[in-house]
>>> print(open('coords.cif').read())   # mmCIF, N, CA and C atoms
data_input
#
loop_
_atom_site.label_atom_id
_atom_site.label_comp_id
_atom_site.auth_asym_id
_atom_site.auth_seq_id
_atom_site.Cartn_x
_atom_site.Cartn_y
_atom_site.Cartn_z
N MET W 300 94.13 99.99 111.56
CA MET W 300 94.30 99.27 110.32
C MET W 300 95.08 97.98 110.55
N THR W 301 96.05 98.03 111.43
CA THR W 301 96.83 96.83 111.72
C THR W 301 95.94 95.73 112.27
N ALA W 302 95.06 96.08 113.18
CA ALA W 302 94.15 95.10 113.77
C ALA W 302 93.26 94.46 112.70
N ILE W 303 92.77 95.26 111.78
CA ILE W 303 91.90 94.75 110.71
C ILE W 303 92.67 93.81 109.80
N VAL W 304 93.88 94.18 109.42
CA VAL W 304 94.69 93.33 108.55
C VAL W 304 95.03 92.02 109.26
N LEU W 305 95.39 92.09 110.53
CA LEU W 305 95.69 90.86 111.27
C LEU W 305 94.47 89.97 111.38
N HIS W 306 93.31 90.57 111.56
CA HIS W 306 92.07 89.79 111.58
C HIS W 306 91.88 89.09 110.24
N ASP W 307 92.05 89.83 109.16
CA ASP W 307 91.89 89.26 107.82
C ASP W 307 92.89 88.15 107.54
N LEU W 308 94.06 88.24 108.16
CA LEU W 308 95.09 87.20 107.98
C LEU W 308 94.88 86.00 108.90
N GLY W 309 93.92 86.11 109.81
CA GLY W 309 93.65 84.98 110.70
C GLY W 309 94.41 85.01 112.00
N SER W 310 95.05 86.12 112.31
CA SER W 310 95.81 86.24 113.56
C SER W 310 94.93 86.86 114.64
N ARG W 311 94.06 86.03 115.17
CA ARG W 311 93.03 86.49 116.10
C ARG W 311 93.62 87.17 117.34
N ARG W 312 94.57 86.53 117.99
CA ARG W 312 95.13 87.08 119.22
C ARG W 312 95.81 88.43 119.00
N GLU W 313 96.62 88.49 117.96
CA GLU W 313 97.32 89.73 117.66
C GLU W 313 96.33 90.84 117.29
N SER W 314 95.29 90.46 116.54
CA SER W 314 94.27 91.43 116.16
C SER W 314 93.58 92.00 117.39
N ARG W 315 93.19 91.14 118.31
CA ARG W 315 92.51 91.60 119.53
C ARG W 315 93.42 92.52 120.34
N ALA W 316 94.72 92.21 120.38
CA ALA W 316 95.65 93.07 121.12
C ALA W 316 95.72 94.46 120.49
N TRP W 317 95.77 94.53 119.17
CA TRP W 317 95.80 95.82 118.49
C TRP W 317 94.49 96.56 118.67
N PHE W 318 93.36 95.84 118.63
CA PHE W 318 92.08 96.50 118.87
C PHE W 318 92.01 97.04 120.30
N ALA W 319 92.56 96.32 121.25
CA ALA W 319 92.57 96.80 122.64
C ALA W 319 93.36 98.11 122.74
N THR W 320 94.48 98.16 122.06
CA THR W 320 95.28 99.39 122.05
C THR W 320 94.51 100.53 121.39
N ALA W 321 93.87 100.24 120.27
CA ALA W 321 93.10 101.26 119.56
C ALA W 321 91.92 101.74 120.41
N ALA W 322 91.24 100.81 121.08
CA ALA W 322 90.09 101.19 121.91
C ALA W 322 90.54 102.06 123.08
N ARG W 323 91.66 101.72 123.67
CA ARG W 323 92.17 102.52 124.79
C ARG W 323 92.53 103.93 124.31
N ALA W 324 93.20 104.02 123.16
CA ALA W 324 93.57 105.33 122.62
C ALA W 324 92.33 106.13 122.25
N ALA W 325 91.34 105.47 121.65
CA ALA W 325 90.11 106.16 121.27
C ALA W 325 89.36 106.67 122.50
N ALA W 326 89.30 105.86 123.54
CA ALA W 326 88.62 106.27 124.78
C ALA W 326 89.35 107.47 125.41
N GLU W 327 90.66 107.41 125.40
CA GLU W 327 91.44 108.50 125.99
C GLU W 327 91.36 109.78 125.16
N SER W 328 91.07 109.66 123.88
CA SER W 328 90.99 110.83 123.02
C SER W 328 89.75 111.67 123.32
N GLY W 329 88.75 111.05 123.95
CA GLY W 329 87.52 111.76 124.24
C GLY W 329 86.55 111.81 123.08
N ASP W 330 86.83 111.06 122.02
CA ASP W 330 85.96 111.02 120.84
C ASP W 330 85.08 109.78 120.92
N PRO W 331 83.83 109.91 121.36
CA PRO W 331 82.99 108.73 121.54
C PRO W 331 82.69 107.99 120.24
N GLN W 332 82.62 108.69 119.13
CA GLN W 332 82.34 108.02 117.86
C GLN W 332 83.52 107.17 117.40
N LEU W 333 84.72 107.67 117.61
CA LEU W 333 85.91 106.88 117.28
C LEU W 333 85.97 105.64 118.16
N HIS W 334 85.70 105.82 119.44
CA HIS W 334 85.71 104.69 120.37
C HIS W 334 84.65 103.66 119.98
N ALA W 335 83.46 104.14 119.63
CA ALA W 335 82.38 103.24 119.22
C ALA W 335 82.75 102.49 117.94
N TRP W 336 83.38 103.18 116.99
CA TRP W 336 83.76 102.52 115.73
C TRP W 336 84.80 101.43 115.99
N VAL W 337 85.79 101.71 116.82
CA VAL W 337 86.82 100.71 117.13
C VAL W 337 86.18 99.50 117.79
N LEU W 338 85.30 99.72 118.76
CA LEU W 338 84.63 98.60 119.42
C LEU W 338 83.77 97.82 118.43
N ALA W 339 83.04 98.54 117.60
CA ALA W 339 82.17 97.87 116.62
C ALA W 339 82.99 97.05 115.64
N ARG W 340 84.09 97.58 115.19
CA ARG W 340 84.94 96.85 114.24
C ARG W 340 85.57 95.63 114.90
N GLU W 341 85.90 95.77 116.18
CA GLU W 341 86.50 94.65 116.91
C GLU W 341 85.52 93.49 117.05
N THR W 342 84.23 93.76 117.05
CA THR W 342 83.26 92.69 117.21
C THR W 342 83.35 91.65 116.11
N MET W 343 83.91 92.03 114.98
CA MET W 343 84.03 91.07 113.89
C MET W 343 84.98 89.92 114.22
N VAL W 344 85.94 90.17 115.11
CA VAL W 344 86.90 89.11 115.46
C VAL W 344 86.19 87.95 116.16
N PRO W 345 85.51 88.18 117.30
CA PRO W 345 84.84 87.02 117.92
C PRO W 345 83.71 86.47 117.06
N LEU W 346 83.06 87.33 116.30
CA LEU W 346 81.98 86.86 115.44
C LEU W 346 82.50 85.89 114.40
N ASN W 347 83.61 86.23 113.78
CA ASN W 347 84.16 85.38 112.72
C ASN W 347 84.91 84.16 113.24
N TYR W 348 85.25 84.16 114.53
CA TYR W 348 86.00 83.03 115.08
C TYR W 348 85.16 82.20 116.05
N GLY W 349 83.84 82.23 115.87
CA GLY W 349 82.98 81.30 116.59
C GLY W 349 82.61 81.66 118.00
N ALA W 350 82.63 82.95 118.33
CA ALA W 350 82.25 83.37 119.68
C ALA W 350 81.17 84.46 119.57
N PRO W 351 79.97 84.08 119.08
CA PRO W 351 78.94 85.11 118.87
C PRO W 351 78.46 85.78 120.16
N ARG W 352 78.51 85.07 121.28
CA ARG W 352 78.09 85.69 122.55
C ARG W 352 79.04 86.83 122.92
N ALA W 353 80.34 86.59 122.77
CA ALA W 353 81.33 87.65 123.04
C ALA W 353 81.15 88.80 122.06
N ALA W 354 80.83 88.48 120.82
CA ALA W 354 80.60 89.52 119.81
C ALA W 354 79.38 90.35 120.18
N ALA W 355 78.32 89.71 120.66
CA ALA W 355 77.11 90.43 121.05
C ALA W 355 77.39 91.37 122.22
N ASP W 356 78.16 90.89 123.20
CA ASP W 356 78.50 91.74 124.35
C ASP W 356 79.31 92.96 123.91
N LEU W 357 80.29 92.73 123.04
CA LEU W 357 81.11 93.83 122.55
C LEU W 357 80.29 94.79 121.68
N ALA W 358 79.39 94.24 120.89
CA ALA W 358 78.52 95.08 120.06
C ALA W 358 77.62 95.96 120.94
N ASP W 359 77.16 95.42 122.06
CA ASP W 359 76.35 96.22 122.98
C ASP W 359 77.16 97.39 123.55
N GLN W 360 78.42 97.12 123.87
CA GLN W 360 79.30 98.19 124.35
C GLN W 360 79.48 99.25 123.27
N ALA W 361 79.66 98.81 122.04
CA ALA W 361 79.83 99.75 120.93
C ALA W 361 78.58 100.57 120.71
N ARG W 362 77.42 99.93 120.81
CA ARG W 362 76.15 100.65 120.62
C ARG W 362 75.96 101.70 121.71
N GLN W 363 76.32 101.37 122.93
CA GLN W 363 76.22 102.34 124.03
C GLN W 363 77.18 103.50 123.81
N ALA W 364 78.40 103.19 123.38
CA ALA W 364 79.39 104.24 123.13
C ALA W 364 78.96 105.15 121.99
N ALA W 365 78.27 104.59 121.00
CA ALA W 365 77.85 105.37 119.83
C ALA W 365 76.75 106.36 120.16
N GLY W 366 75.96 106.07 121.17
CA GLY W 366 74.88 106.97 121.53
C GLY W 366 73.70 106.83 120.58
N THR W 367 72.90 107.87 120.51
CA THR W 367 71.66 107.79 119.74
C THR W 367 71.74 108.49 118.39
N ARG W 368 72.84 109.13 118.09
CA ARG W 368 72.97 109.80 116.79
C ARG W 368 73.16 108.78 115.69
N PRO W 369 72.62 109.03 114.49
CA PRO W 369 72.80 108.11 113.36
C PRO W 369 74.19 108.28 112.74
N THR W 370 75.11 107.43 113.16
CA THR W 370 76.49 107.51 112.68
C THR W 370 76.91 106.16 112.11
N ALA W 371 78.02 106.16 111.42
CA ALA W 371 78.55 104.91 110.87
C ALA W 371 78.86 103.92 111.99
N ALA W 372 79.38 104.39 113.10
CA ALA W 372 79.69 103.50 114.22
C ALA W 372 78.43 102.85 114.77
N ALA W 373 77.35 103.62 114.88
CA ALA W 373 76.09 103.09 115.40
C ALA W 373 75.51 102.04 114.46
N VAL W 374 75.58 102.31 113.16
CA VAL W 374 75.06 101.36 112.17
C VAL W 374 75.88 100.08 112.17
N LEU W 375 77.19 100.19 112.19
CA LEU W 375 78.05 99.01 112.21
C LEU W 375 77.79 98.19 113.47
N ALA W 376 77.69 98.85 114.61
CA ALA W 376 77.44 98.14 115.88
C ALA W 376 76.10 97.42 115.84
N ALA W 377 75.08 98.07 115.31
CA ALA W 377 73.76 97.44 115.24
C ALA W 377 73.76 96.25 114.29
N ALA W 378 74.43 96.37 113.16
CA ALA W 378 74.48 95.28 112.19
C ALA W 378 75.21 94.07 112.76
N VAL W 379 76.33 94.31 113.41
CA VAL W 379 77.08 93.19 113.99
C VAL W 379 76.32 92.58 115.15
N ALA W 380 75.66 93.42 115.94
CA ALA W 380 74.85 92.91 117.05
C ALA W 380 73.76 92.00 116.52
N ALA W 381 73.10 92.41 115.44
CA ALA W 381 72.04 91.58 114.85
C ALA W 381 72.58 90.23 114.40
N ARG W 382 73.73 90.22 113.76
CA ARG W 382 74.34 88.95 113.33
C ARG W 382 74.67 88.08 114.53
N ALA W 383 75.25 88.70 115.56
CA ALA W 383 75.63 87.94 116.75
C ALA W 383 74.40 87.38 117.46
N TYR W 384 73.35 88.19 117.59
CA TYR W 384 72.12 87.71 118.22
C TYR W 384 71.52 86.55 117.43
N ALA W 385 71.54 86.65 116.13
CA ALA W 385 71.00 85.58 115.29
C ALA W 385 71.79 84.28 115.48
N LEU W 386 73.09 84.38 115.57
CA LEU W 386 73.91 83.19 115.78
C LEU W 386 73.71 82.60 117.17
N ASN W 387 73.32 83.44 118.13
CA ASN W 387 73.05 82.97 119.49
C ASN W 387 71.64 82.43 119.66
N HIS W 388 70.84 82.56 118.62
CA HIS W 388 69.43 82.14 118.61
C HIS W 388 68.63 82.97 119.56
#
>>> encode(input="coords.cif", output="structure tokens")
Amino acid sequence: MTAIVLHDLGSRRESRAWFATAARAAAESGDPQLHAWVLARETMVPLNYGAPRAAADLADQARQAAGTRPTAAAVLAAAVAARAYALNH
């Protein structure tokens, strides 16, 4: 939640640092859906700050982490990936 609020406030660097902490904790927890959701949510930072290529790469990681089950993390990752790909032409 801290990472999301910092993103909304425009604190890109601090937001990315909190997302990195959340992603590490999610990966260590062994919950792939939590890890995928954190990665997918983090993609909004580079997407909103003019780095769609970085957002697309992160969205691909989130999609891989989400697997093939229809989950909220998979849908969010796919939606952000589509936006990032569109911005990259």
>>> closest_residue(input="coords.cif", among="W:Val374, W:Ala319, W:Ala380, W:Val344", to="W:Ile303", atoms="only C-alpha atoms")
W:Val344
>>> atom_distance(input="coords.cif", atom1="atom N of W:Ala350", atom2="atom N of W:Ala373")
21.6 Å
>>> resolve_selection(input="coords.cif", expression="the PyMOL selection byres ((chain W and resi 315) around 8)", output="PDB file with N, CA and C atoms, keeping the file's coordinate frame")
ATOM      1  N   ALA W 302      95.060  96.080 113.180  1.00  0.00           N
ATOM      2  CA  ALA W 302      94.150  95.100 113.770  1.00  0.00           C
ATOM      3  C   ALA W 302      93.260  94.460 112.700  1.00  0.00           C
ATOM      4  N   ILE W 303      92.770  95.260 111.780  1.00  0.00           N
ATOM      5  CA  ILE W 303      91.900  94.750 110.710  1.00  0.00           C
ATOM      6  C   ILE W 303      92.670  93.810 109.800  1.00  0.00           C
ATOM      7  N   LEU W 305      95.390  92.090 110.530  1.00  0.00           N
ATOM      8  CA  LEU W 305      95.690  90.860 111.270  1.00  0.00           C
ATOM      9  C   LEU W 305      94.470  89.970 111.380  1.00  0.00           C
ATOM     10  N   HIS W 306      93.310  90.570 111.560  1.00  0.00           N
ATOM     11  CA  HIS W 306      92.070  89.790 111.580  1.00  0.00           C
ATOM     12  C   HIS W 306      91.880  89.090 110.240  1.00  0.00           C
ATOM     13  N   SER W 310      95.050  86.120 112.310  1.00  0.00           N
ATOM     14  CA  SER W 310      95.810  86.240 113.560  1.00  0.00           C
ATOM     15  C   SER W 310      94.930  86.860 114.640  1.00  0.00           C
ATOM     16  N   ARG W 311      94.060  86.030 115.170  1.00  0.00           N
ATOM     17  CA  ARG W 311      93.030  86.490 116.100  1.00  0.00           C
ATOM     18  C   ARG W 311      93.620  87.170 117.340  1.00  0.00           C
ATOM     19  N   ARG W 312      94.570  86.530 117.990  1.00  0.00           N
ATOM     20  CA  ARG W 312      95.130  87.080 119.220  1.00  0.00           C
ATOM     21  C   ARG W 312      95.810  88.430 119.000  1.00  0.00           C
ATOM     22  N   GLU W 313      96.620  88.490 117.960  1.00  0.00           N
ATOM     23  CA  GLU W 313      97.320  89.730 117.660  1.00  0.00           C
ATOM     24  C   GLU W 313      96.330  90.840 117.290  1.00  0.00           C
ATOM     25  N   SER W 314      95.290  90.460 116.540  1.00  0.00           N
ATOM     26  CA  SER W 314      94.270  91.430 116.160  1.00  0.00           C
ATOM     27  C   SER W 314      93.580  92.000 117.390  1.00  0.00           C
ATOM     28  N   ALA W 316      94.720  92.210 120.380  1.00  0.00           N
ATOM     29  CA  ALA W 316      95.650  93.070 121.120  1.00  0.00           C
ATOM     30  C   ALA W 316      95.720  94.460 120.490  1.00  0.00           C
ATOM     31  N   TRP W 317      95.770  94.530 119.170  1.00  0.00           N
ATOM     32  CA  TRP W 317      95.800  95.820 118.490  1.00  0.00           C
ATOM     33  C   TRP W 317      94.490  96.560 118.670  1.00  0.00           C
ATOM     34  N   PHE W 318      93.360  95.840 118.630  1.00  0.00           N
ATOM     35  CA  PHE W 318      92.080  96.500 118.870  1.00  0.00           C
ATOM     36  C   PHE W 318      92.010  97.040 120.300  1.00  0.00           C
ATOM     37  N   ALA W 319      92.560  96.320 121.250  1.00  0.00           N
ATOM     38  CA  ALA W 319      92.570  96.800 122.640  1.00  0.00           C
ATOM     39  C   ALA W 319      93.360  98.110 122.740  1.00  0.00           C
ATOM     40  N   THR W 320      94.480  98.160 122.060  1.00  0.00           N
ATOM     41  CA  THR W 320      95.280  99.390 122.050  1.00  0.00           C
ATOM     42  C   THR W 320      94.510 100.530 121.390  1.00  0.00           C
ATOM     43  N   ALA W 321      93.870 100.240 120.270  1.00  0.00           N
ATOM     44  CA  ALA W 321      93.100 101.260 119.560  1.00  0.00           C
ATOM     45  C   ALA W 321      91.920 101.740 120.410  1.00  0.00           C
ATOM     46  N   GLU W 341      85.900  95.770 116.180  1.00  0.00           N
ATOM     47  CA  GLU W 341      86.500  94.650 116.910  1.00  0.00           C
ATOM     48  C   GLU W 341      85.520  93.490 117.050  1.00  0.00           C
ATOM     49  N   VAL W 344      85.940  90.170 115.110  1.00  0.00           N
ATOM     50  CA  VAL W 344      86.900  89.110 115.460  1.00  0.00           C
ATOM     51  C   VAL W 344      86.190  87.950 116.160  1.00  0.00           C
TER      52      VAL W 344
END
>>> axis_aligned_box(input="coords.cif", around="stretch 371-378 of chain W", padding_each_side="3 Å", output="AutoDock Vina command-line options")
--center_x 76.7 --center_y 100.1 --center_z 113.4 --size_x 11.9 --size_y 18.1 --size_z 11.0
>>> resolve_selection(input="coords.cif", expression="the PyMOL selection byres (((chain W and resi 347-349 and name CA) around 10) and name CA)", output="number ranges by chain")
W: 306-307, 309, 311, 342-346, 350-354, 383, 386
>>> closest_residue(input="coords.cif", among="W:Val337, W:Ala381, W:Ala325, W:Ala372", to="W:Ala355", atoms="all atoms listed in the file")
W:Ala381
>>> atom_distance(input="coords.cif", atom1="atom N of W:Thr367", atom2="atom CA of W:Val304")
28.8 Å
>>> atom_distance(input="coords.cif", atom1="atom CA of W:Thr370", atom2="atom CA of W:Arg323")
20.4 Å
>>> resolve_selection(input="coords.cif", expression="the PyMOL selection byres ((chain W and resi 336) around 7)", output="ChimeraX atom specification")
/W:331-335,337-341,361,364-365,371-373
>>> select_by_dssp(input="coords.cif", residues="chain W", states="alpha helix (DSSP H)", output="ChimeraX atom specification")
/W:301-308,311-328,331-341,343-347,351-365,371-387
